[in-house]
file entry.cif (mmCIF, C-alpha atoms)
data_entry
#
loop_
_atom_site.label_atom_id
_atom_site.label_comp_id
_atom_site.auth_asym_id
_atom_site.auth_seq_id
_atom_site.Cartn_x
_atom_site.Cartn_y
_atom_site.Cartn_z
CA MET A 28 15.28 10.97 -37.77
CA ALA A 29 12.58 9.63 -40.10
CA PHE A 30 11.98 13.17 -41.33
CA LEU A 31 15.68 13.72 -42.10
CA ARG A 32 15.99 10.40 -43.91
CA ALA A 33 12.93 11.18 -46.04
CA LEU A 34 14.28 14.65 -46.78
CA SER A 35 17.63 13.28 -47.95
CA VAL A 36 15.93 10.70 -50.16
CA ALA A 37 13.74 13.40 -51.68
CA CYS A 38 16.71 15.65 -52.38
CA LEU A 39 18.67 12.83 -54.01
CA ALA A 40 15.76 11.50 -56.01
CA ALA A 41 14.55 14.86 -57.31
CA PRO A 42 17.68 15.87 -59.34
CA ALA A 43 17.95 12.39 -60.80
CA ALA A 44 14.38 12.64 -62.05
CA ALA A 45 14.94 16.20 -63.28
CA PHE A 46 18.05 15.42 -65.28
CA SER A 47 17.16 12.00 -66.59
CA GLY A 48 13.45 12.52 -67.27
CA GLY A 49 12.09 13.90 -70.56
CA PRO A 50 13.23 13.43 -74.17
CA ALA A 51 16.77 14.15 -75.33
CA CYS A 52 17.04 17.67 -76.80
CA THR A 53 20.53 17.57 -78.35
CA ILE A 54 21.05 17.00 -82.05
CA LEU A 55 23.95 14.87 -83.06
CA GLY A 56 26.57 16.83 -84.92
CA ALA A 57 25.09 20.26 -84.00
CA PRO A 58 27.03 22.35 -81.52
CA ARG A 59 25.11 23.75 -78.49
CA SER A 60 25.20 27.51 -77.95
CA SER A 61 25.94 28.96 -74.50
CA SER A 62 22.48 30.62 -74.30
CA THR A 63 20.77 27.32 -74.97
CA ALA A 64 22.83 25.60 -72.27
CA LEU A 65 21.94 28.31 -69.72
CA ALA A 66 18.25 28.01 -70.54
CA MET A 67 18.34 24.25 -70.07
CA GLU A 68 20.19 24.61 -66.78
CA ALA A 69 17.56 27.08 -65.54
CA ASN A 70 14.77 24.68 -66.52
CA ASP A 71 16.49 21.82 -64.74
CA ARG A 72 16.93 23.92 -61.59
CA ARG A 73 13.23 24.88 -61.56
CA ALA A 74 12.19 21.25 -62.04
CA PHE A 75 14.45 20.19 -59.19
CA LEU A 76 13.00 22.80 -56.80
CA ALA A 77 9.41 21.91 -57.75
CA GLU A 78 9.89 18.18 -57.17
CA ALA A 79 11.79 18.75 -53.92
CA SER A 80 8.95 20.92 -52.57
CA LEU A 81 6.43 18.19 -53.42
CA ALA A 82 8.53 15.58 -51.62
CA LEU A 83 8.86 17.82 -48.54
CA ALA A 84 5.09 18.35 -48.48
CA GLY A 85 4.53 14.59 -48.49
CA VAL A 86 7.00 14.07 -45.65
CA ALA A 87 5.41 16.85 -43.59
CA THR A 88 1.98 15.31 -44.07
CA ALA A 89 3.23 11.90 -42.90
CA VAL A 90 4.92 13.40 -39.84
CA THR A 91 1.96 15.54 -38.74
CA ALA A 92 -0.55 12.75 -39.31
CA GLY A 93 1.36 10.40 -37.03
CA PRO A 94 0.58 6.73 -36.41
CA SER A 95 -3.00 5.55 -35.84
CA PRO A 96 -3.90 5.21 -32.15
CA ALA A 97 -3.35 1.76 -30.71
CA SER A 98 -6.35 -0.23 -29.53
CA ALA A 99 -6.96 -0.59 -25.83
CA ARG A 100 -5.60 -3.79 -24.34
CA VAL A 101 -6.06 -5.60 -21.02
CA PHE A 102 -2.80 -6.78 -19.53
CA LEU A 103 -2.59 -9.66 -17.07
CA ASP A 104 0.32 -9.96 -14.66
CA PRO A 105 -0.38 -12.94 -12.35
CA ALA A 106 2.61 -12.02 -10.15
CA MET A 107 1.53 -8.42 -9.50
CA TYR A 108 0.23 -9.16 -5.98
CA GLY A 109 3.54 -10.49 -4.75
CA ASP A 110 3.57 -13.52 -2.48
CA GLN A 111 0.60 -15.82 -1.92
CA GLU A 112 -0.33 -14.41 1.50
CA LEU A 113 -0.87 -10.91 0.10
CA ARG A 114 -2.89 -12.26 -2.81
CA VAL A 115 -5.11 -14.42 -0.60
CA SER A 116 -5.61 -11.55 1.84
CA ALA A 117 -6.74 -9.16 -0.90
CA VAL A 118 -9.05 -11.71 -2.52
CA ASP A 119 -10.66 -12.80 0.76
CA SER A 120 -11.24 -9.21 1.86
CA LEU A 121 -12.92 -8.37 -1.44
CA ARG A 122 -15.09 -11.49 -1.33
CA GLU A 123 -16.14 -10.77 2.24
CA SER A 124 -17.18 -7.23 1.27
CA VAL A 125 -19.28 -8.54 -1.62
CA ARG A 126 -20.87 -11.28 0.50
CA ARG A 127 -21.72 -8.74 3.20
CA ALA A 128 -23.45 -6.52 0.64
CA LEU A 129 -25.38 -9.51 -0.71
CA LEU A 130 -26.53 -10.59 2.73
CA GLN A 131 -27.69 -7.10 3.55
CA LYS A 132 -29.50 -6.81 0.21
CA PRO A 133 -29.83 -10.20 -1.55
CA ALA A 134 -31.58 -8.57 -4.53
CA LEU A 135 -28.16 -7.29 -5.70
CA THR A 136 -26.96 -10.85 -6.39
CA PRO A 137 -27.54 -10.94 -10.19
CA TYR A 138 -26.32 -7.37 -10.66
CA PHE A 139 -22.78 -8.22 -9.55
CA LEU A 140 -22.71 -10.87 -12.26
CA GLU A 141 -24.15 -8.37 -14.74
CA LEU A 142 -21.31 -5.95 -13.97
CA SER A 143 -18.74 -8.62 -14.70
CA LEU A 144 -20.40 -9.67 -17.97
CA LEU A 145 -20.81 -6.09 -19.20
CA ASP A 146 -17.18 -5.35 -18.43
CA SER A 147 -16.00 -8.43 -20.32
CA LEU A 148 -18.34 -7.99 -23.30
CA SER A 149 -16.84 -4.57 -23.96
CA TYR A 150 -14.12 -6.43 -25.85
CA ASP A 151 -14.41 -6.27 -29.64
CA VAL A 152 -12.56 -9.08 -31.37
CA GLN A 153 -12.34 -7.11 -34.66
CA THR A 154 -10.82 -3.90 -33.28
CA ASN A 155 -9.14 -5.46 -30.23
CA GLU A 156 -10.64 -2.66 -28.16
CA GLY A 157 -12.03 -2.89 -24.62
CA GLY A 158 -11.99 -5.88 -22.31
CA PRO A 159 -12.49 -6.73 -18.62
CA ASP A 160 -10.46 -3.91 -17.08
CA GLY A 161 -13.07 -2.43 -14.72
CA SER A 162 -14.17 0.36 -17.08
CA VAL A 163 -17.79 -0.67 -16.54
CA VAL A 164 -17.64 0.82 -13.03
CA LYS A 165 -16.81 4.22 -14.49
CA ALA A 166 -19.61 3.88 -17.05
CA VAL A 167 -22.16 2.87 -14.42
CA LEU A 168 -21.29 5.59 -11.93
CA ALA A 169 -21.36 8.22 -14.69
CA SER A 170 -24.80 7.15 -15.90
CA LYS A 171 -27.60 9.70 -15.39
CA ASP A 172 -30.41 7.13 -15.67
CA ALA A 173 -32.62 6.90 -12.60
CA ASP A 174 -34.33 3.54 -13.24
CA ALA A 175 -34.17 0.71 -10.70
CA HIS A 176 -31.79 -1.37 -12.81
CA THR A 177 -29.19 1.38 -13.13
CA LYS A 178 -29.45 2.20 -9.41
CA ALA A 179 -28.81 -1.46 -8.54
CA LEU A 180 -25.73 -1.52 -10.79
CA GLN A 181 -24.52 1.70 -9.14
CA GLU A 182 -24.93 0.16 -5.68
CA CYS A 183 -22.78 -2.80 -6.75
CA ALA A 184 -20.17 -0.49 -8.28
CA ALA A 185 -20.08 1.59 -5.08
CA VAL A 186 -19.47 -1.56 -3.02
CA LEU A 187 -16.45 -2.45 -5.16
CA VAL A 188 -15.04 1.08 -5.09
CA GLU A 189 -15.39 1.22 -1.29
CA ALA A 190 -13.81 -2.23 -0.88
CA LYS A 191 -10.90 -1.20 -3.09
CA LYS A 192 -10.42 1.99 -1.07
CA ASN A 193 -10.42 0.08 2.22
CA LEU A 194 -7.97 -2.47 0.88
CA LYS A 195 -5.42 0.26 0.18
CA LYS A 196 -4.78 0.49 3.91
CA LEU A 197 -3.37 -3.05 4.05
CA SER A 198 -2.97 -4.46 0.56
CA SER A 199 -4.31 -3.62 -2.87
CA ILE A 200 -6.52 -4.94 -5.62
CA THR A 201 -7.27 -3.59 -9.08
CA LEU A 202 -10.79 -2.65 -10.11
CA GLY A 203 -10.73 -5.11 -13.01
CA ASP A 204 -9.96 -8.00 -10.65
CA ALA A 205 -12.60 -6.75 -8.18
CA VAL A 206 -15.33 -6.81 -10.84
CA ALA A 207 -14.42 -10.34 -11.98
CA LEU A 208 -14.19 -11.68 -8.41
CA ALA A 209 -17.50 -10.07 -7.45
CA GLY A 210 -19.30 -11.85 -10.28
CA ALA A 211 -17.88 -15.19 -9.16
CA GLU A 212 -18.80 -14.49 -5.54
CA ALA A 213 -22.40 -13.71 -6.52
CA VAL A 214 -22.69 -17.21 -8.00
CA ALA A 215 -21.14 -18.81 -4.91
CA ALA A 216 -23.48 -16.82 -2.65
CA VAL A 217 -26.52 -18.73 -3.91
CA GLY A 218 -24.83 -22.11 -3.60
CA GLY A 219 -23.24 -22.25 -7.03
CA PRO A 220 -19.76 -23.54 -7.80
CA ASN A 221 -16.60 -21.54 -7.13
CA LEU A 222 -15.82 -20.06 -10.53
CA PRO A 223 -12.10 -19.79 -11.37
CA THR A 224 -10.95 -16.21 -11.88
CA GLN A 225 -7.55 -15.22 -13.23
CA LEU A 226 -5.98 -12.39 -11.24
CA GLY A 227 -3.51 -9.77 -12.35
CA ARG A 228 -5.44 -7.21 -14.44
CA THR A 229 -3.40 -4.02 -14.45
CA GLU A 230 -5.05 -0.81 -13.32
CA VAL A 231 -6.56 1.49 -15.94
CA ALA A 232 -5.53 5.15 -15.93
CA ALA A 233 -7.96 7.32 -13.98
CA LYS A 234 -8.52 9.64 -16.95
CA ALA A 235 -8.86 6.86 -19.52
CA PRO A 236 -12.18 7.09 -21.40
CA VAL A 237 -14.75 4.32 -21.34
CA PRO A 238 -14.20 2.11 -24.44
CA SER A 239 -16.53 2.91 -27.32
CA SER A 240 -17.22 -0.84 -27.54
CA MET A 241 -18.87 -0.86 -24.07
CA PRO A 242 -22.30 -2.50 -24.49
CA PRO A 243 -25.40 -0.64 -23.30
CA LEU A 244 -25.93 -0.91 -19.56
CA ASN A 245 -29.48 -2.15 -20.12
CA LEU A 246 -28.28 -5.08 -22.23
CA PHE A 247 -29.75 -7.63 -19.79
CA THR A 248 -32.98 -5.84 -18.91
CA GLY A 249 -35.08 -7.21 -21.77
CA ASP A 250 -35.44 -3.74 -23.28
CA VAL A 251 -32.80 -4.59 -25.88
CA ASP A 252 -33.71 -6.91 -28.75
CA GLY A 253 -32.46 -10.46 -28.34
CA SER A 254 -30.56 -10.31 -31.62
CA VAL A 255 -28.50 -7.41 -30.23
CA VAL A 256 -27.62 -9.49 -27.17
CA ALA A 257 -26.53 -12.42 -29.35
CA ASP A 258 -24.49 -10.12 -31.61
CA THR A 259 -22.75 -8.64 -28.55
CA PHE A 260 -21.56 -12.08 -27.50
CA ARG A 261 -20.44 -12.89 -31.05
CA SER A 262 -18.55 -9.61 -31.47
CA SER A 263 -16.62 -10.44 -28.30
CA GLY A 264 -15.53 -13.77 -29.77
CA LEU A 265 -17.79 -16.02 -27.66
CA THR A 266 -19.58 -19.10 -28.95
CA GLU A 267 -23.30 -19.85 -28.62
CA ARG A 268 -22.50 -22.55 -26.11
CA GLU A 269 -20.68 -20.06 -23.90
CA MET A 270 -23.53 -17.57 -24.28
CA VAL A 271 -26.04 -20.20 -23.12
CA ALA A 272 -23.93 -21.07 -20.08
CA LEU A 273 -23.52 -17.43 -18.98
CA LEU A 274 -27.06 -16.22 -19.67
CA GLY A 275 -28.46 -19.32 -18.01
CA CYS A 276 -26.43 -18.49 -14.92
CA LEU A 277 -28.11 -15.08 -14.72
CA VAL A 278 -31.53 -16.75 -14.78
CA SER A 279 -30.47 -19.35 -12.21
CA ILE A 280 -29.06 -17.08 -9.53
CA ASP A 281 -31.94 -14.62 -9.86
CA THR A 282 -34.51 -17.42 -9.58
CA ILE A 283 -32.79 -18.87 -6.51
CA GLU A 284 -32.47 -15.45 -4.85
CA LYS A 285 -36.15 -14.62 -5.38
CA ALA A 286 -37.21 -18.02 -4.01
CA THR A 287 -35.14 -17.61 -0.83
CA PRO A 288 -36.95 -16.01 2.15
CA GLU A 289 -35.22 -13.09 3.80
CA GLY A 290 -33.76 -13.61 7.26
CA ASP A 291 -31.36 -12.11 9.76
CA TRP A 292 -28.17 -11.84 7.74
CA LYS A 293 -26.06 -11.34 10.88
CA ALA A 294 -27.31 -14.52 12.54
CA ASN A 295 -24.51 -16.99 13.19
CA SER A 296 -25.13 -20.38 11.65
CA LYS A 297 -22.77 -22.13 14.08
CA PRO A 298 -24.54 -24.21 16.74
CA LYS A 299 -24.21 -23.19 20.39
CA PHE A 300 -22.94 -25.87 22.77
CA ARG A 301 -23.45 -26.26 26.50
CA GLU A 302 -21.65 -28.28 29.10
CA ALA A 303 -22.22 -32.00 28.67
CA GLY A 304 -25.18 -33.31 30.67
CA LYS A 305 -26.97 -29.96 30.97
CA ILE A 306 -30.02 -28.77 29.12
CA GLY A 307 -30.17 -25.11 28.19
CA ARG A 308 -33.19 -23.12 29.40
CA MET A 309 -34.14 -19.52 28.67
CA SER A 310 -34.29 -18.89 32.41
CA ASP A 311 -30.54 -19.50 32.58
CA PHE A 312 -29.88 -16.38 30.56
CA LYS A 313 -30.48 -12.74 31.39
CA LYS A 314 -30.19 -9.86 29.00
CA LEU A 315 -27.52 -7.42 30.15
CA THR A 316 -28.57 -3.81 30.58
CA ASP A 317 -26.41 -0.70 30.38
CA GLU A 318 -26.51 -0.52 34.17
CA ASP A 319 -25.13 -4.05 34.50
CA ILE A 320 -22.25 -3.17 32.21
CA GLU A 321 -21.47 0.02 34.11
CA ASN A 322 -21.43 -1.91 37.39
CA GLU A 323 -19.00 -4.45 36.02
CA LEU A 324 -16.71 -1.71 34.75
CA ALA A 325 -16.83 -0.01 38.14
CA LYS A 326 -15.77 -3.23 39.87
CA ASP A 327 -12.68 -3.35 37.67
CA GLY A 328 -11.78 0.19 38.69
CA LEU A 329 -11.98 1.53 35.15
CA ASP A 330 -12.63 5.18 34.40
CA ASP A 331 -16.30 5.76 33.69
CA GLU A 332 -15.45 8.64 31.40
CA GLU A 333 -13.42 6.47 29.07
CA SER A 334 -15.16 5.75 25.81
CA TYR A 335 -15.07 2.30 24.32
CA THR A 336 -16.90 3.21 21.11
CA VAL A 337 -14.76 3.39 18.02
CA SER A 338 -15.49 6.36 15.81
CA GLY A 339 -17.80 5.30 13.02
CA ASP A 340 -18.87 2.07 14.77
CA ASP A 341 -22.43 1.49 13.59
CA GLY A 342 -22.64 -2.17 14.45
CA TRP A 343 -19.89 -3.60 12.31
CA TYR A 344 -20.23 -7.16 11.14
CA ILE A 345 -16.99 -9.13 11.42
CA ALA A 346 -16.98 -12.42 9.56
CA ASP A 347 -15.21 -15.41 11.07
CA THR A 348 -11.67 -15.87 9.81
CA PHE A 349 -11.54 -19.65 10.10
CA GLY A 350 -13.77 -22.48 9.02
CA THR A 351 -15.64 -23.13 5.81
CA ALA A 352 -16.23 -20.59 3.09
CA ASP A 353 -19.63 -19.80 4.60
CA ASP A 354 -18.00 -19.11 7.96
CA LYS A 355 -15.35 -16.87 6.41
CA PHE A 356 -17.49 -14.86 4.05
CA GLY A 357 -20.87 -14.99 5.77
CA LYS A 358 -23.92 -17.12 5.16
CA ARG A 359 -25.06 -17.99 1.67
CA ALA A 360 -27.96 -15.93 0.39
CA SER A 361 -29.70 -19.27 -0.07
CA LYS A 362 -29.80 -21.82 2.76
CA ASP A 363 -30.43 -24.78 0.49
CA LYS A 364 -27.86 -25.78 -2.07
CA LEU A 365 -29.88 -25.67 -5.27
CA GLU A 366 -28.57 -26.83 -8.62
CA LEU A 367 -28.05 -24.01 -11.11
CA SER A 368 -29.09 -26.28 -13.95
CA THR A 369 -32.65 -26.46 -12.59
CA ALA A 370 -33.47 -23.16 -14.29
CA PHE A 371 -32.82 -24.73 -17.71
CA LYS A 372 -35.57 -27.30 -17.12
CA THR A 373 -38.16 -24.59 -16.50
CA LEU A 374 -36.74 -21.97 -18.88
CA ALA A 375 -39.74 -22.22 -21.22
CA LYS A 376 -42.09 -21.52 -18.29
CA ALA A 377 -40.05 -18.62 -16.84
CA SER A 378 -42.13 -15.51 -16.19
CA ALA A 379 -41.60 -12.02 -14.81
CA SER A 380 -42.87 -13.21 -11.42
CA THR A 381 -40.11 -15.81 -11.05
CA THR A 382 -37.19 -13.93 -12.62
CA GLN A 383 -36.47 -10.58 -14.22
CA TYR A 384 -34.56 -12.43 -16.95
CA SER A 385 -37.54 -14.31 -18.38
CA TRP A 386 -36.72 -12.80 -21.79
CA ILE A 387 -33.62 -15.03 -21.92
CA GLY A 388 -35.86 -18.05 -22.39
CA GLY A 389 -37.33 -16.52 -25.54
CA LEU A 390 -33.82 -15.85 -26.88
CA LEU A 391 -32.22 -19.23 -26.17
CA LEU A 392 -35.25 -21.25 -27.26
CA SER A 393 -35.88 -19.31 -30.46
CA LYS A 394 -35.73 -21.02 -33.85
CA ASP A 395 -33.01 -18.61 -34.92
CA LEU A 396 -30.57 -20.26 -32.46
CA PRO A 397 -31.05 -24.04 -32.87
CA THR A 398 -27.63 -24.77 -31.38
CA ALA A 399 -28.47 -22.78 -28.26
CA LYS A 400 -31.70 -24.71 -27.76
CA SER A 401 -29.83 -28.03 -27.88
CA TRP A 402 -27.46 -26.84 -25.15
CA VAL A 403 -30.38 -25.69 -23.00
CA ASP A 404 -31.75 -29.25 -23.13
CA LYS A 405 -28.35 -30.77 -22.30
CA TYR A 406 -27.66 -28.45 -19.39
CA GLY A 407 -31.10 -29.08 -17.94
CA SER A 408 -30.52 -32.84 -17.86
CA LYS A 409 -26.80 -32.87 -16.94
CA PRO A 410 -25.96 -30.65 -13.91
CA ILE A 411 -22.32 -31.78 -13.80
CA LEU A 412 -21.81 -30.86 -17.44
CA TYR A 413 -23.34 -27.41 -16.87
CA GLU A 414 -21.20 -26.56 -13.85
CA LYS A 415 -18.08 -27.66 -15.73
CA ASP A 416 -19.01 -25.55 -18.74
CA LEU A 417 -19.92 -22.56 -16.57
CA LYS A 418 -16.48 -22.58 -14.97
CA VAL A 419 -14.74 -22.65 -18.34
CA ALA A 420 -17.04 -20.01 -19.83
CA TYR A 421 -16.66 -17.57 -16.92
CA ASN A 422 -12.91 -17.97 -16.85
CA ALA A 423 -12.84 -17.31 -20.60
CA VAL A 424 -15.16 -14.29 -20.65
CA THR A 425 -13.22 -12.55 -17.87
CA GLN A 426 -10.02 -12.84 -19.93
CA LEU A 427 -11.28 -11.63 -23.31
CA GLY A 428 -8.65 -9.54 -25.07
CA ALA A 429 -6.17 -9.98 -22.22
CA GLU A 430 -2.47 -10.24 -22.90
CA PHE A 431 -0.18 -11.84 -20.34
CA THR A 432 2.84 -9.83 -19.33
CA GLY A 433 5.67 -10.16 -16.89
CA GLY A 434 8.51 -12.69 -17.00
CA LYS A 435 7.70 -16.35 -17.48
CA TYR A 436 3.95 -15.74 -17.84
CA GLU A 437 4.53 -13.59 -20.89
CA SER A 438 6.82 -16.14 -22.53
CA LEU A 439 4.48 -19.05 -21.81
CA LEU A 440 1.01 -17.56 -22.35
CA LYS A 441 1.40 -14.53 -24.63
CA ASN A 442 -0.48 -14.88 -27.93
CA LYS A 443 -1.80 -18.27 -26.87
CA LYS A 444 -5.11 -19.06 -28.55
CA ARG A 445 -8.10 -18.92 -26.22
CA LYS A 446 -9.64 -22.28 -25.46
CA THR A 447 -13.38 -22.32 -26.06
CA LEU A 448 -16.01 -24.77 -24.88
CA ASN A 449 -16.08 -26.15 -28.42
CA ASP A 450 -12.51 -27.35 -27.87
CA ASP A 451 -13.67 -29.59 -25.02
CA GLU A 452 -12.41 -33.15 -25.30
CA LEU A 453 -14.52 -34.64 -22.49
CA ASP A 454 -17.08 -36.22 -24.80
CA PHE A 455 -18.37 -38.59 -22.12
CA LEU A 456 -20.09 -35.65 -20.38
CA ARG A 457 -22.11 -34.62 -23.42
#
call {"tool": "encode", "arguments": {"input": "entry.cif", "output": "structure tokens"}}
result
Amino acid sequence: MAFLRALSVACLAAPAAAFSGGPACTILGAPRSSSTALAMEANDRRAFLAEASLALAGVATAVTAGPSPASARVFLDPAMYGDQELRVSAVDSLRESVRRALLQKPALTPYFLELSLLDSLSYDVQTNEGGPDGSVVKAVLASKDADAHTKALQECAAVLVEAKKNLKKLSSITLGDAVALAGAEAVAAVGGPNLPTQLGRTEVAAKAPVPSSMPPLNLFTGDVDGSVVADTFRSSGLTEREMVALLGCLVSIDTIEKATPEGDWKANSKPKFREAGKIGRMSDFKKLTDEDIENELAKDGLDDEESYTVSGDDGWYIADTFGTADDKFGKRASKDKLELSTAFKTLAKASASTTQYSWIGGLLLSKDLPTAKSWVDKYGSKPILYEKDLKVAYNAVTQLGAEFTGGKYESLLKNKKRKTLNDDELDFLR
């Protein structure tokens, strides 16, 4: 339709320009011969055809060029999981899978948070491209690097992909939500606060390319210059205060994990009770052998040939369904509840032996970022302020570039300006 309208405009405009343009060639009082009139008519016709062809060429160019491609967007639909029971079931299952992976291999704790930050920092505030949609998993799994850092990120990505696949049997969860929840669970696993995470990220098409704004996967290894790290946070629309809160969290959870001795991750932390008035002795218990079990089965008249081993059973760990968060999702990677803000007090003394993120101290305490240094001092002396800021910062970074959609959420929250830590009105905590 646009092509036809442009064509009609060109055809109407061309004769008007052909007949009205140019100087008048008639002489008052002199009659015009028929040959002169025919020559003028032929000239007018040629001018009309020439201008019409130019107009058609312009229209064809506009049609073939087409509109510029739209920037990638992250859409949030908080109601996509249906009722509350389905949402809670999906979230708890994902958290339990992450906690199980962390208890089996506590060294993965900071890498789950890295995945979440890399996914969120792919958003570019200038081009509106990228955002926390789970594309980092595709980038990590497609990486050909064989260093220890990349392999750790790939292990974390594989855990999330497997958890998502298992959840399809009962409920569902998008990869973008899984990445954001896993980062929050990594912080809770070392005794940190429960970070709020907005759910509802829509699934990205399987064949969608990784955004060109995706930061390098080694952004947090120390191999990248600190100025590049700071610019990555700025290009995503984050403030220095938010950068300090998030980078400090990486240092904190890695320091706590490295300081925690390894133990039996399947051991139940619940105390064992005996009948009142009796003292438990080791002699009261006897380890059952295979023969004892077979004898008991024979007494019940059960078929000895019947197998009671489920296919694929390799010693599954089933977390308790009721009780505290530790009972539901497994033990914390750290037994003692340590304050995350402690790392800010010793940030200047951080070394490679205490944390792999010792380079963050050089960045946040540099003279080039005086505002960041002031927040390091405040967070080190005010644990409550830091945990409050960390919750706000994580909730903000995992929603960068997101647009709410779906019913009332779209009408209430669409195009609403993001609240930053600089908008905080709780001055008494500063």
call {"tool": "atom_distance", "arguments": {"input": "entry.cif", "atom1": "CA of Ser199 (chain A)", "atom2": "CA of Val118 (chain A)"}}
result
9.4 Å
call {"tool": "residues_around", "arguments": {"input": "entry.cif", "residues": "region 422-434 of chain A", "least_positions_apart": "4", "cutoff": "6 Å", "atoms": "only C-alpha atoms", "output": "VMD selection string"}}
result
chain A and resid 101 to 104 147 158 to 159 223 to 224 441
call {"tool": "write_last_selection", "arguments": {"input": "entry.cif", "atoms": "C-alpha atoms", "output": "compact mmCIF listing (two decimals), in the coordinates of the input"}}
result
# COMPACT_ATOMS: atom_id res chain seq x y z
CA VAL A 101 -6.06 -5.60 -21.02
CA PHE A 102 -2.80 -6.78 -19.53
CA LEU A 103 -2.59 -9.66 -17.07
CA ASP A 104 0.32 -9.96 -14.66
CA SER A 147 -16.00 -8.43 -20.32
CA GLY A 158 -11.99 -5.88 -22.31
CA PRO A 159 -12.49 -6.73 -18.62
CA PRO A 223 -12.10 -19.79 -11.37
CA THR A 224 -10.95 -16.21 -11.88
CA LYS A 441 1.40 -14.53 -24.63
call {"tool": "resolve_selection", "arguments": {"input": "entry.cif", "expression": "the PyMOL selection byres ((chain A and resi 272) around 9)", "output": "number ranges by chain"}}
result
A: 267-271, 273-276, 402-403, 406, 413-414, 416-417, 420-421
call {"tool": "resolve_selection", "arguments": {"input": "entry.cif", "expression": "the PyMOL selection byres ((chain A and resi 177) around 12)", "output": "PyMOL selection string"}}
result
chain A and resi 135+138+141-142+164+166-176+178-184+243-248
call {"tool": "closest_residue", "arguments": {"input": "entry.cif", "among": "A:Thr287, A:Ser279, A:Ser162, A:Asn221", "to": "Val237 (chain A)", "atoms": "all atoms listed in the file"}}
result
A:Ser162
call {"tool": "residues_around", "arguments": {"input": "entry.cif", "residues": "Ala205 (chain A)", "least_positions_apart": "3", "cutoff": "8 Å", "atoms": "only C-alpha atoms", "output": "PyMOL selection string"}}
result
chain A and resi 121+161+187+191+200-202+208-209
call {"tool": "resolve_selection", "arguments": {"input": "entry.cif", "expression": "the PyMOL selection byres ((chain A and resi 254) around 12)", "output": "ChimeraX atom specification"}}
result
/A:246,249-253,255-261,386-387,389-391,393,395-396
